[in-house]
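Q: Structure file model-v5.cif, mmCIF, C-alpha atoms, is pasted below:
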```
data_coords
#
loop_
_atom_site.group_PDB
_atom_site.id
_atom_site.type_symbol
_atom_site.label_atom_id
_atom_site.label_comp_id
_atom_site.auth_asym_id
_atom_site.auth_seq_id
_atom_site.Cartn_x
_atom_site.Cartn_y
_atom_site.Cartn_z
ATOM 1 C CA MET V 1 -107.991 -193.025 -0.581
ATOM 2 C CA ALA V 2 -111.260 -194.607 -1.654
ATOM 3 C CA SER V 3 -109.407 -196.779 -4.175
ATOM 4 C CA TYR V 4 -107.876 -198.700 -1.274
ATOM 5 C CA GLY V 5 -111.376 -199.973 -0.483
ATOM 6 C CA GLY V 6 -111.160 -199.117 3.175
ATOM 7 C CA GLY V 7 -108.060 -201.272 3.586
ATOM 8 C CA SER V 8 -104.866 -200.151 5.199
ATOM 9 C CA MET V 9 -102.247 -198.181 3.311
ATOM 10 C CA SER V 10 -98.503 -198.438 3.690
ATOM 11 C CA LYS V 11 -96.755 -195.511 5.377
ATOM 12 C CA ALA V 12 -94.859 -194.860 2.122
ATOM 13 C CA HIS V 13 -98.151 -194.452 0.216
ATOM 14 C CA ILE V 14 -99.613 -192.203 2.922
ATOM 15 C CA ASP V 15 -96.500 -190.018 2.965
ATOM 16 C CA PHE V 16 -96.514 -189.780 -0.834
ATOM 17 C CA LEU V 17 -100.175 -188.736 -0.994
ATOM 18 C CA LYS V 18 -99.843 -186.258 1.875
ATOM 19 C CA GLY V 19 -96.772 -184.733 0.250
ATOM 20 C CA GLY V 20 -98.760 -183.558 -2.770
ATOM 21 C CA HIS V 21 -95.989 -184.651 -5.111
ATOM 22 C CA LEU V 22 -96.609 -183.950 -8.761
ATOM 23 C CA TRP V 23 -93.806 -186.163 -10.000
ATOM 24 C CA LEU V 24 -91.788 -189.167 -8.954
ATOM 25 C CA GLU V 25 -88.134 -189.864 -9.713
ATOM 26 C CA LEU V 26 -87.227 -193.527 -9.317
ATOM 27 C CA GLU V 27 -84.173 -195.403 -10.606
ATOM 28 C CA ASN V 28 -83.341 -192.751 -13.236
ATOM 29 C CA ARG V 29 -86.962 -192.683 -14.403
ATOM 30 C CA LEU V 30 -89.345 -189.739 -14.179
ATOM 31 C CA PHE V 31 -93.111 -190.171 -13.774
ATOM 32 C CA VAL V 32 -95.210 -187.044 -14.361
ATOM 33 C CA HIS V 33 -98.776 -186.461 -15.478
ATOM 34 C CA GLY V 34 -98.253 -183.874 -18.215
ATOM 35 C CA GLY V 35 -94.624 -183.089 -18.845
ATOM 36 C CA PHE V 36 -91.753 -181.002 -17.580
ATOM 37 C CA ASP V 37 -89.232 -178.436 -18.744
ATOM 38 C CA PRO V 38 -85.858 -180.225 -18.928
ATOM 39 C CA GLU V 39 -84.059 -176.877 -18.498
ATOM 40 C CA ILE V 40 -85.526 -176.293 -15.028
ATOM 41 C CA PRO V 41 -84.756 -178.391 -11.903
ATOM 42 C CA MET V 42 -87.737 -180.548 -10.933
ATOM 43 C CA ALA V 43 -88.151 -178.788 -7.568
ATOM 44 C CA LYS V 44 -88.703 -175.490 -9.403
ATOM 45 C CA GLN V 45 -91.228 -176.754 -11.963
ATOM 46 C CA GLY V 46 -94.662 -175.149 -11.897
ATOM 47 C CA ALA V 47 -97.653 -177.295 -10.951
ATOM 48 C CA GLN V 48 -99.638 -176.183 -14.016
ATOM 49 C CA PHE V 49 -96.823 -177.242 -16.319
ATOM 50 C CA LEU V 50 -96.323 -180.619 -14.624
ATOM 51 C CA MET V 51 -100.032 -181.362 -14.860
ATOM 52 C CA TRP V 52 -100.997 -180.008 -18.259
ATOM 53 C CA ASP V 53 -97.907 -179.768 -20.496
ATOM 54 C CA ARG V 54 -98.128 -181.339 -23.934
ATOM 55 C CA GLU V 55 -95.013 -179.714 -25.397
ATOM 56 C CA LEU V 56 -92.576 -182.379 -24.161
ATOM 57 C CA LEU V 57 -94.414 -185.213 -25.894
ATOM 58 C CA GLY V 58 -94.954 -183.111 -29.009
ATOM 59 C CA LEU V 59 -91.252 -182.257 -29.269
ATOM 60 C CA ALA V 60 -90.201 -185.858 -28.625
ATOM 61 C CA TRP V 61 -92.635 -187.003 -31.331
ATOM 62 C CA LYS V 62 -91.298 -184.454 -33.816
ATOM 63 C CA LEU V 63 -87.624 -185.271 -33.112
ATOM 64 C CA SER V 64 -88.272 -188.990 -33.357
ATOM 65 C CA ARG V 65 -90.012 -188.569 -36.724
ATOM 66 C CA MET V 66 -86.950 -186.630 -37.931
ATOM 67 C CA GLY V 67 -84.742 -189.564 -36.903
ATOM 68 C CA ARG V 68 -83.235 -187.662 -33.984
ATOM 69 C CA GLN V 69 -83.035 -188.957 -30.439
ATOM 70 C CA LYS V 70 -82.880 -186.887 -27.287
ATOM 71 C CA ASP V 71 -82.822 -187.908 -23.646
ATOM 72 C CA PHE V 72 -84.981 -185.257 -22.020
ATOM 73 C CA GLY V 73 -83.736 -184.324 -18.571
ATOM 74 C CA GLY V 74 -81.028 -186.986 -18.678
ATOM 75 C CA TYR V 75 -83.474 -189.673 -17.514
ATOM 76 C CA GLU V 76 -83.402 -193.214 -18.851
ATOM 77 C CA ASP V 77 -87.192 -192.997 -19.304
ATOM 78 C CA VAL V 78 -89.851 -190.337 -18.810
ATOM 79 C CA PHE V 79 -93.428 -191.589 -18.374
ATOM 80 C CA VAL V 80 -96.263 -189.155 -19.097
ATOM 81 C CA GLY V 81 -100.004 -189.186 -19.467
ATOM 82 C CA HIS V 82 -102.450 -186.343 -20.080
ATOM 83 C CA THR V 83 -102.158 -186.496 -23.890
ATOM 84 C CA THR V 84 -103.966 -189.544 -25.171
ATOM 85 C CA THR V 85 -102.075 -191.667 -27.659
ATOM 86 C CA GLU V 86 -105.160 -191.385 -29.871
ATOM 87 C CA THR V 87 -103.788 -187.893 -30.687
ATOM 88 C CA TYR V 88 -101.081 -189.786 -32.576
ATOM 89 C CA ARG V 89 -103.520 -192.333 -34.025
ATOM 90 C CA SER V 90 -102.515 -195.138 -31.671
ATOM 91 C CA ILE V 91 -104.289 -197.151 -28.993
ATOM 92 C CA GLU V 92 -100.988 -198.491 -27.660
ATOM 93 C CA PRO V 93 -98.335 -196.733 -25.588
ATOM 94 C CA ILE V 94 -96.062 -194.459 -27.598
ATOM 95 C CA HIS V 95 -92.278 -194.406 -27.149
ATOM 96 C CA VAL V 96 -90.459 -191.428 -28.694
ATOM 97 C CA CYS V 97 -86.943 -190.426 -27.643
ATOM 98 C CA ASN V 98 -86.872 -191.333 -23.938
ATOM 99 C CA VAL V 99 -90.546 -190.390 -23.441
ATOM 100 C CA TRP V 100 -93.320 -192.940 -22.968
ATOM 101 C CA ASP V 101 -96.955 -191.838 -23.278
ATOM 102 C CA LEU V 102 -99.157 -194.322 -21.434
ATOM 103 C CA ASP V 103 -102.437 -192.393 -21.715
ATOM 104 C CA THR V 104 -104.341 -194.645 -24.089
ATOM 105 C CA GLY V 105 -107.625 -192.823 -23.627
ATOM 106 C CA ALA V 106 -109.462 -194.816 -20.946
ATOM 107 C CA GLY V 107 -110.989 -191.586 -19.623
ATOM 108 C CA TRP V 108 -112.816 -191.169 -22.918
ATOM 109 C CA SER V 109 -113.395 -194.243 -25.037
ATOM 110 C CA GLY V 110 -109.934 -195.839 -25.198
ATOM 111 C CA LYS V 111 -108.171 -198.440 -23.107
ATOM 112 C CA LEU V 112 -106.588 -198.448 -19.670
ATOM 113 C CA THR V 113 -102.922 -199.398 -19.911
ATOM 114 C CA ILE V 114 -100.475 -200.570 -17.259
ATOM 115 C CA MET V 115 -96.785 -201.202 -17.884
ATOM 116 C CA ASN V 116 -93.928 -202.979 -16.197
ATOM 117 C CA VAL V 117 -91.484 -200.081 -16.515
ATOM 118 C CA SER V 118 -88.470 -202.386 -16.215
ATOM 119 C CA THR V 119 -89.388 -204.724 -19.079
ATOM 120 C CA LYS V 120 -91.696 -202.339 -21.005
ATOM 121 C CA GLU V 121 -94.283 -205.130 -21.200
ATOM 122 C CA TYR V 122 -97.786 -203.690 -20.991
ATOM 123 C CA TRP V 123 -101.359 -204.858 -20.629
ATOM 124 C CA GLN V 124 -104.561 -203.170 -21.719
ATOM 125 C CA SER V 125 -108.208 -203.342 -20.823
ATOM 126 C CA ASP V 126 -110.997 -203.533 -23.350
ATOM 127 C CA PHE V 127 -112.177 -200.179 -24.723
ATOM 128 C CA SER V 128 -113.779 -198.231 -21.893
ATOM 129 C CA SER V 129 -116.684 -197.392 -24.185
ATOM 130 C CA ASP V 130 -117.364 -201.149 -24.471
ATOM 131 C CA LEU V 131 -117.033 -201.628 -20.712
ATOM 132 C CA TYR V 132 -119.057 -198.624 -19.562
ATOM 133 C CA GLY V 133 -120.987 -197.401 -22.598
ATOM 134 C CA GLY V 134 -120.635 -193.927 -24.007
ATOM 135 C CA MET V 135 -118.942 -192.596 -27.101
ATOM 136 C CA PRO V 136 -117.627 -195.204 -29.561
ATOM 137 C CA ASN V 137 -113.866 -195.391 -30.029
ATOM 138 C CA GLN V 138 -112.693 -193.316 -32.980
ATOM 139 C CA LEU V 139 -109.858 -195.689 -33.937
ATOM 140 C CA THR V 140 -111.901 -198.848 -34.354
#
```
What does the file become when written as structure tokens?

A:
Amino acid sequence: MASYGGGSMSKAHIDFLKGGHLWLELENRLFVHGGFDPEIPMAKQGAQFLMWDRELLGLAWKLSRMGRQKDFGGYEDVFVGHTTTETYRSIEPIHVCNVWDLDTGAGWSGKLTIMNVSTKEYWQSDFSSDLYGGMPNQLT
């Protein structure tokens, strides 16, 4: 709420925040912090898994490196965070199978990334360690 700077919020934003949703499905796209189990309906997913899963991205990475493609959950795109792309030696978003990892490490020393999910065009900040001090970036 503080990020709105005391300004007014749309009813849709208020309802979303009050609902405690841990994922968003929009136009055949899934947005989730950690990951999900494609074998389980979204409404039955556990909160811990949705927040902290790293298996989905790891499996997508492995399949992609083997030259295999899989559409997890039948979505056009799945957008995740939680696992920084630095894990895969990248400071840019990673796209493997139908999974996009947009966590480029801004919470540590990386960059903050935003993406137009329709065009896949993205923009990045400077390294957060350069903006706010702290640990130097390991990939520079």

Q: What is the atom CA of V:Trp100 to atom CA of V:Lys11 distance in Å?

A: 28.7 Å

Q: For this structure, which residues satisfy the selection - the PyMOL selection byres ((chain V and resi 33) around 12) - when it is evaluated on the file as given? I want them as a count of residues only.

A: 31

Q: Any chance you could resolve the PyMOL selection byres ((chain V and resi 132) around 12) against this file and give the residues as a PDB file with C-alpha atoms, in the coordinates of the input?

A:
```pdb
ATOM      1  CA  ALA V 106    -109.462-194.816 -20.946  1.00  0.00           C
ATOM      2  CA  GLY V 107    -110.989-191.586 -19.623  1.00  0.00           C
ATOM      3  CA  TRP V 108    -112.816-191.169 -22.918  1.00  0.00           C
ATOM      4  CA  SER V 109    -113.395-194.243 -25.037  1.00  0.00           C
ATOM      5  CA  GLY V 110    -109.934-195.839 -25.198  1.00  0.00           C
ATOM      6  CA  LYS V 111    -108.171-198.440 -23.107  1.00  0.00           C
ATOM      7  CA  SER V 125    -108.208-203.342 -20.823  1.00  0.00           C
ATOM      8  CA  ASP V 126    -110.997-203.533 -23.350  1.00  0.00           C
ATOM      9  CA  PHE V 127    -112.177-200.179 -24.723  1.00  0.00           C
ATOM     10  CA  SER V 128    -113.779-198.231 -21.893  1.00  0.00           C
ATOM     11  CA  SER V 129    -116.684-197.392 -24.185  1.00  0.00           C
ATOM     12  CA  ASP V 130    -117.364-201.149 -24.471  1.00  0.00           C
ATOM     13  CA  LEU V 131    -117.033-201.628 -20.712  1.00  0.00           C
ATOM     14  CA  GLY V 133    -120.987-197.401 -22.598  1.00  0.00           C
ATOM     15  CA  GLY V 134    -120.635-193.927 -24.007  1.00  0.00           C
ATOM     16  CA  MET V 135    -118.942-192.596 -27.101  1.00  0.00           C
ATOM     17  CA  PRO V 136    -117.627-195.204 -29.561  1.00  0.00           C
TER      18      PRO V 136
END
```

Q: Translate the PyMOL selection byres ((chain V and resi 88) around 12), as applied to the file shown, into an explicit residue set as a PyMOL selection string.

A: chain V and resi 57-58+61-62+65+83-87+89-96+101+103-105+139

Q: Keeping only C-alpha atoms, write the selected residues to a file as a compact mmCIF listing (two decimals), in the frame of the given file.

A:
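File produced: selection_25.txt:
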```txt
# COMPACT_ATOMS: atom_id res chain seq x y z
CA LEU V 57 -94.41 -185.21 -25.89
CA GLY V 58 -94.95 -183.11 -29.01
CA TRP V 61 -92.64 -187.00 -31.33
CA LYS V 62 -91.30 -184.45 -33.82
CA ARG V 65 -90.01 -188.57 -36.72
CA THR V 83 -102.16 -186.50 -23.89
CA THR V 84 -103.97 -189.54 -25.17
CA THR V 85 -102.08 -191.67 -27.66
CA GLU V 86 -105.16 -191.38 -29.87
CA THR V 87 -103.79 -187.89 -30.69
CA ARG V 89 -103.52 -192.33 -34.02
CA SER V 90 -102.52 -195.14 -31.67
CA ILE V 91 -104.29 -197.15 -28.99
CA GLU V 92 -100.99 -198.49 -27.66
CA PRO V 93 -98.34 -196.73 -25.59
CA ILE V 94 -96.06 -194.46 -27.60
CA HIS V 95 -92.28 -194.41 -27.15
CA VAL V 96 -90.46 -191.43 -28.69
CA ASP V 101 -96.96 -191.84 -23.28
CA ASP V 103 -102.44 -192.39 -21.72
CA THR V 104 -104.34 -194.64 -24.09
CA GLY V 105 -107.62 -192.82 -23.63
CA LEU V 139 -109.86 -195.69 -33.94
```

Q: Around all the atoms of stretch 49-63 of chain V listed in the file, with 4 Å of room on each side, what axis-aligned box do you get, giving centre and edge lengths in Å to one decimal, as JSON?

A:
```
{"center_x": -94.3, "center_y": -182.1, "center_z": -24.2, "size_x": 21.4, "size_y": 17.8, "size_z": 27.2}
```

Q: Just to confirm, what's the straight-line distance from atom CA of V:Gln69 to atom CA of V:Val99 in Å (one decimal)?

A: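 That distance, rounded to one decimal, is 10.4 Å.
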
Q: From the structure just shown, export stretch 3-135 of chain V with C-alpha atoms as a PDB file, in the first residue's frame.

A:
```pdb
ATOM      1  CA  SER V   3       4.140   2.018  -2.793  1.00  0.00           C
ATOM      2  CA  TYR V   4       1.095   3.966  -3.971  1.00  0.00           C
ATOM      3  CA  GLY V   5       2.523   6.984  -2.141  1.00  0.00           C
ATOM      4  CA  GLY V   6      -0.701   7.787  -0.374  1.00  0.00           C
ATOM      5  CA  GLY V   7      -2.542   8.084  -3.683  1.00  0.00           C
ATOM      6  CA  SER V   8      -5.765   6.356  -4.508  1.00  0.00           C
ATOM      7  CA  MET V   9      -5.871   2.770  -5.708  1.00  0.00           C
ATOM      8  CA  SER V  10      -8.240   1.295  -8.245  1.00  0.00           C
ATOM      9  CA  LYS V  11     -10.907  -1.069  -6.915  1.00  0.00           C
ATOM     10  CA  ALA V  12      -9.346  -3.878  -8.984  1.00  0.00           C
ATOM     11  CA  HIS V  13      -5.985  -3.391  -7.223  1.00  0.00           C
ATOM     12  CA  ILE V  14      -7.635  -3.234  -3.792  1.00  0.00           C
ATOM     13  CA  ASP V  15      -9.630  -6.401  -4.466  1.00  0.00           C
ATOM     14  CA  PHE V  16      -6.515  -8.194  -5.721  1.00  0.00           C
ATOM     15  CA  LEU V  17      -4.454  -7.264  -2.654  1.00  0.00           C
ATOM     16  CA  LYS V  18      -7.261  -8.090  -0.221  1.00  0.00           C
ATOM     17  CA  GLY V  19      -7.788 -11.446  -1.911  1.00  0.00           C
ATOM     18  CA  GLY V  20      -4.314 -12.654  -0.948  1.00  0.00           C
ATOM     19  CA  HIS V  21      -3.813 -14.175  -4.382  1.00  0.00           C
ATOM     20  CA  LEU V  22      -0.532 -15.961  -4.878  1.00  0.00           C
ATOM     21  CA  TRP V  23      -0.841 -16.177  -8.638  1.00  0.00           C
ATOM     22  CA  LEU V  24      -2.515 -14.434 -11.528  1.00  0.00           C
ATOM     23  CA  GLU V  25      -3.851 -16.015 -14.711  1.00  0.00           C
ATOM     24  CA  LEU V  26      -4.302 -13.502 -17.518  1.00  0.00           C
ATOM     25  CA  GLU V  27      -4.745 -14.118 -21.250  1.00  0.00           C
ATOM     26  CA  ASN V  28      -3.315 -17.665 -21.091  1.00  0.00           C
ATOM     27  CA  ARG V  29      -0.345 -16.442 -19.051  1.00  0.00           C
ATOM     28  CA  LEU V  30       0.492 -17.420 -15.482  1.00  0.00           C
ATOM     29  CA  PHE V  31       2.299 -15.075 -13.079  1.00  0.00           C
ATOM     30  CA  VAL V  32       3.626 -16.677  -9.886  1.00  0.00           C
ATOM     31  CA  HIS V  33       6.472 -15.852  -7.534  1.00  0.00           C
ATOM     32  CA  GLY V  34       8.169 -19.242  -7.248  1.00  0.00           C
ATOM     33  CA  GLY V  35       6.586 -21.884  -9.417  1.00  0.00           C
ATOM     34  CA  PHE V  36       3.730 -24.338  -9.536  1.00  0.00           C
ATOM     35  CA  ASP V  37       3.020 -28.020 -10.018  1.00  0.00           C
ATOM     36  CA  PRO V  38       1.480 -28.389 -13.498  1.00  0.00           C
ATOM     37  CA  GLU V  39      -0.223 -31.633 -12.402  1.00  0.00           C
ATOM     38  CA  ILE V  40      -2.328 -29.881  -9.749  1.00  0.00           C
ATOM     39  CA  PRO V  41      -5.114 -27.330 -10.445  1.00  0.00           C
ATOM     40  CA  MET V  42      -4.032 -23.817  -9.464  1.00  0.00           C
ATOM     41  CA  ALA V  43      -6.757 -23.520  -6.804  1.00  0.00           C
ATOM     42  CA  LYS V  44      -5.280 -26.541  -5.004  1.00  0.00           C
ATOM     43  CA  GLN V  45      -1.633 -25.434  -5.074  1.00  0.00           C
ATOM     44  CA  GLY V  46       0.057 -24.946  -1.715  1.00  0.00           C
ATOM     45  CA  ALA V  47       1.164 -21.447  -0.729  1.00  0.00           C
ATOM     46  CA  GLN V  48       4.681 -22.627   0.173  1.00  0.00           C
ATOM     47  CA  PHE V  49       5.122 -24.180  -3.254  1.00  0.00           C
ATOM     48  CA  LEU V  50       3.797 -21.134  -5.121  1.00  0.00           C
ATOM     49  CA  MET V  51       6.132 -18.853  -3.195  1.00  0.00           C
ATOM     50  CA  TRP V  52       9.331 -20.860  -2.946  1.00  0.00           C
ATOM     51  CA  ASP V  53       9.431 -23.508  -5.701  1.00  0.00           C
ATOM     52  CA  ARG V  54      12.550 -23.669  -7.839  1.00  0.00           C
ATOM     53  CA  GLU V  55      11.854 -27.053  -9.436  1.00  0.00           C
ATOM     54  CA  LEU V  56       9.756 -25.691 -12.319  1.00  0.00           C
ATOM     55  CA  LEU V  57      12.500 -23.374 -13.545  1.00  0.00           C
ATOM     56  CA  GLY V  58      15.151 -26.036 -12.997  1.00  0.00           C
ATOM     57  CA  LEU V  59      13.217 -28.609 -15.033  1.00  0.00           C
ATOM     58  CA  ALA V  60      12.474 -26.109 -17.805  1.00  0.00           C
ATOM     59  CA  TRP V  61      16.178 -25.200 -17.913  1.00  0.00           C
ATOM     60  CA  LYS V  62      17.219 -28.852 -18.104  1.00  0.00           C
ATOM     61  CA  LEU V  63      14.679 -29.729 -20.832  1.00  0.00           C
ATOM     62  CA  SER V  64      15.626 -26.686 -22.870  1.00  0.00           C
ATOM     63  CA  ARG V  65      19.326 -27.590 -22.687  1.00  0.00           C
ATOM     64  CA  MET V  66      18.416 -31.078 -23.951  1.00  0.00           C
ATOM     65  CA  GLY V  67      16.644 -29.488 -26.930  1.00  0.00           C
ATOM     66  CA  ARG V  68      13.202 -30.429 -25.635  1.00  0.00           C
ATOM     67  CA  GLN V  69      10.303 -28.031 -25.277  1.00  0.00           C
ATOM     68  CA  LYS V  70       7.403 -28.339 -22.881  1.00  0.00           C
ATOM     69  CA  ASP V  71       4.476 -26.039 -22.217  1.00  0.00           C
ATOM     70  CA  PHE V  72       4.062 -26.307 -18.463  1.00  0.00           C
ATOM     71  CA  GLY V  73       0.429 -26.156 -17.416  1.00  0.00           C
ATOM     72  CA  GLY V  74      -0.713 -25.501 -20.979  1.00  0.00           C
ATOM     73  CA  TYR V  75      -0.033 -21.765 -20.624  1.00  0.00           C
ATOM     74  CA  GLU V  76       1.396 -19.675 -23.439  1.00  0.00           C
ATOM     75  CA  ASP V  77       3.856 -18.178 -20.924  1.00  0.00           C
ATOM     76  CA  VAL V  78       4.653 -18.690 -17.250  1.00  0.00           C
ATOM     77  CA  PHE V  79       6.414 -15.801 -15.489  1.00  0.00           C
ATOM     78  CA  VAL V  80       8.336 -16.574 -12.296  1.00  0.00           C
ATOM     79  CA  GLY V  81      10.726 -14.877  -9.942  1.00  0.00           C
ATOM     80  CA  HIS V  82      12.298 -16.104  -6.707  1.00  0.00           C
ATOM     81  CA  THR V  83      15.291 -17.754  -8.421  1.00  0.00           C
ATOM     82  CA  THR V  84      17.670 -15.096  -9.637  1.00  0.00           C
ATOM     83  CA  THR V  85      18.888 -15.466 -13.194  1.00  0.00           C
ATOM     84  CA  GLU V  86      22.400 -15.113 -11.766  1.00  0.00           C
ATOM     85  CA  THR V  87      21.947 -18.789 -10.755  1.00  0.00           C
ATOM     86  CA  TYR V  88      22.194 -19.479 -14.489  1.00  0.00           C
ATOM     87  CA  ARG V  89      25.009 -16.965 -15.023  1.00  0.00           C
ATOM     88  CA  SER V  90      22.801 -14.319 -16.617  1.00  0.00           C
ATOM     89  CA  ILE V  91      21.789 -10.778 -15.718  1.00  0.00           C
ATOM     90  CA  GLU V  92      18.992 -10.806 -18.296  1.00  0.00           C
ATOM     91  CA  PRO V  93      15.625 -12.559 -18.178  1.00  0.00           C
ATOM     92  CA  ILE V  94      15.781 -16.259 -18.997  1.00  0.00           C
ATOM     93  CA  HIS V  95      13.300 -17.960 -21.337  1.00  0.00           C
ATOM     94  CA  VAL V  96      13.252 -21.774 -21.226  1.00  0.00           C
ATOM     95  CA  CYS V  97      10.325 -23.810 -22.552  1.00  0.00           C
ATOM     96  CA  ASN V  98       7.326 -21.576 -21.801  1.00  0.00           C
ATOM     97  CA  VAL V  99       8.863 -20.283 -18.544  1.00  0.00           C
ATOM     98  CA  TRP V 100      10.281 -16.783 -18.139  1.00  0.00           C
ATOM     99  CA  ASP V 101      12.445 -15.975 -15.108  1.00  0.00           C
ATOM    100  CA  LEU V 102      12.408 -12.222 -14.533  1.00  0.00           C
ATOM    101  CA  ASP V 103      14.265 -12.204 -11.201  1.00  0.00           C
ATOM    102  CA  THR V 104      17.515 -10.570 -12.249  1.00  0.00           C
ATOM    103  CA  GLY V 105      18.773 -10.152  -8.706  1.00  0.00           C
ATOM    104  CA  ALA V 106      17.791  -6.595  -7.750  1.00  0.00           C
ATOM    105  CA  GLY V 107      17.216  -7.741  -4.162  1.00  0.00           C
ATOM    106  CA  TRP V 108      20.906  -8.568  -3.897  1.00  0.00           C
ATOM    107  CA  SER V 109      23.294  -6.849  -6.267  1.00  0.00           C
ATOM    108  CA  GLY V 110      21.665  -7.397  -9.673  1.00  0.00           C
ATOM    109  CA  LYS V 111      19.230  -5.389 -11.744  1.00  0.00           C
ATOM    110  CA  LEU V 112      15.517  -4.694 -11.530  1.00  0.00           C
ATOM    111  CA  THR V 113      13.775  -5.868 -14.690  1.00  0.00           C
ATOM    112  CA  ILE V 114      10.348  -5.044 -16.094  1.00  0.00           C
ATOM    113  CA  MET V 115       8.875  -6.635 -19.210  1.00  0.00           C
ATOM    114  CA  ASN V 116       6.079  -5.962 -21.638  1.00  0.00           C
ATOM    115  CA  VAL V 117       4.680  -9.499 -21.541  1.00  0.00           C
ATOM    116  CA  SER V 118       2.994  -9.093 -24.929  1.00  0.00           C
ATOM    117  CA  THR V 119       6.108  -8.085 -26.878  1.00  0.00           C
ATOM    118  CA  LYS V 120       8.733  -9.591 -24.519  1.00  0.00           C
ATOM    119  CA  GLU V 121      10.623  -6.284 -24.642  1.00  0.00           C
ATOM    120  CA  TYR V 122      12.251  -5.576 -21.290  1.00  0.00           C
ATOM    121  CA  TRP V 123      14.062  -2.785 -19.504  1.00  0.00           C
ATOM    122  CA  GLN V 124      16.568  -2.966 -16.680  1.00  0.00           C
ATOM    123  CA  SER V 125      17.876  -0.669 -14.007  1.00  0.00           C
ATOM    124  CA  ASP V 126      21.532  -0.235 -13.199  1.00  0.00           C
ATOM    125  CA  PHE V 127      22.972  -2.794 -10.770  1.00  0.00           C
ATOM    126  CA  SER V 128      21.329  -2.286  -7.392  1.00  0.00           C
ATOM    127  CA  SER V 129      24.749  -2.480  -5.758  1.00  0.00           C
ATOM    128  CA  ASP V 130      25.751   0.590  -7.815  1.00  0.00           C
ATOM    129  CA  LEU V 131      22.519   2.394  -6.943  1.00  0.00           C
ATOM    130  CA  TYR V 132      22.386   1.589  -3.231  1.00  0.00           C
ATOM    131  CA  GLY V 133      25.836   0.309  -2.284  1.00  0.00           C
ATOM    132  CA  GLY V 134      26.441  -3.107  -0.820  1.00  0.00           C
ATOM    133  CA  MET V 135      27.912  -6.266  -2.257  1.00  0.00           C
TER     134      MET V 135
END
```
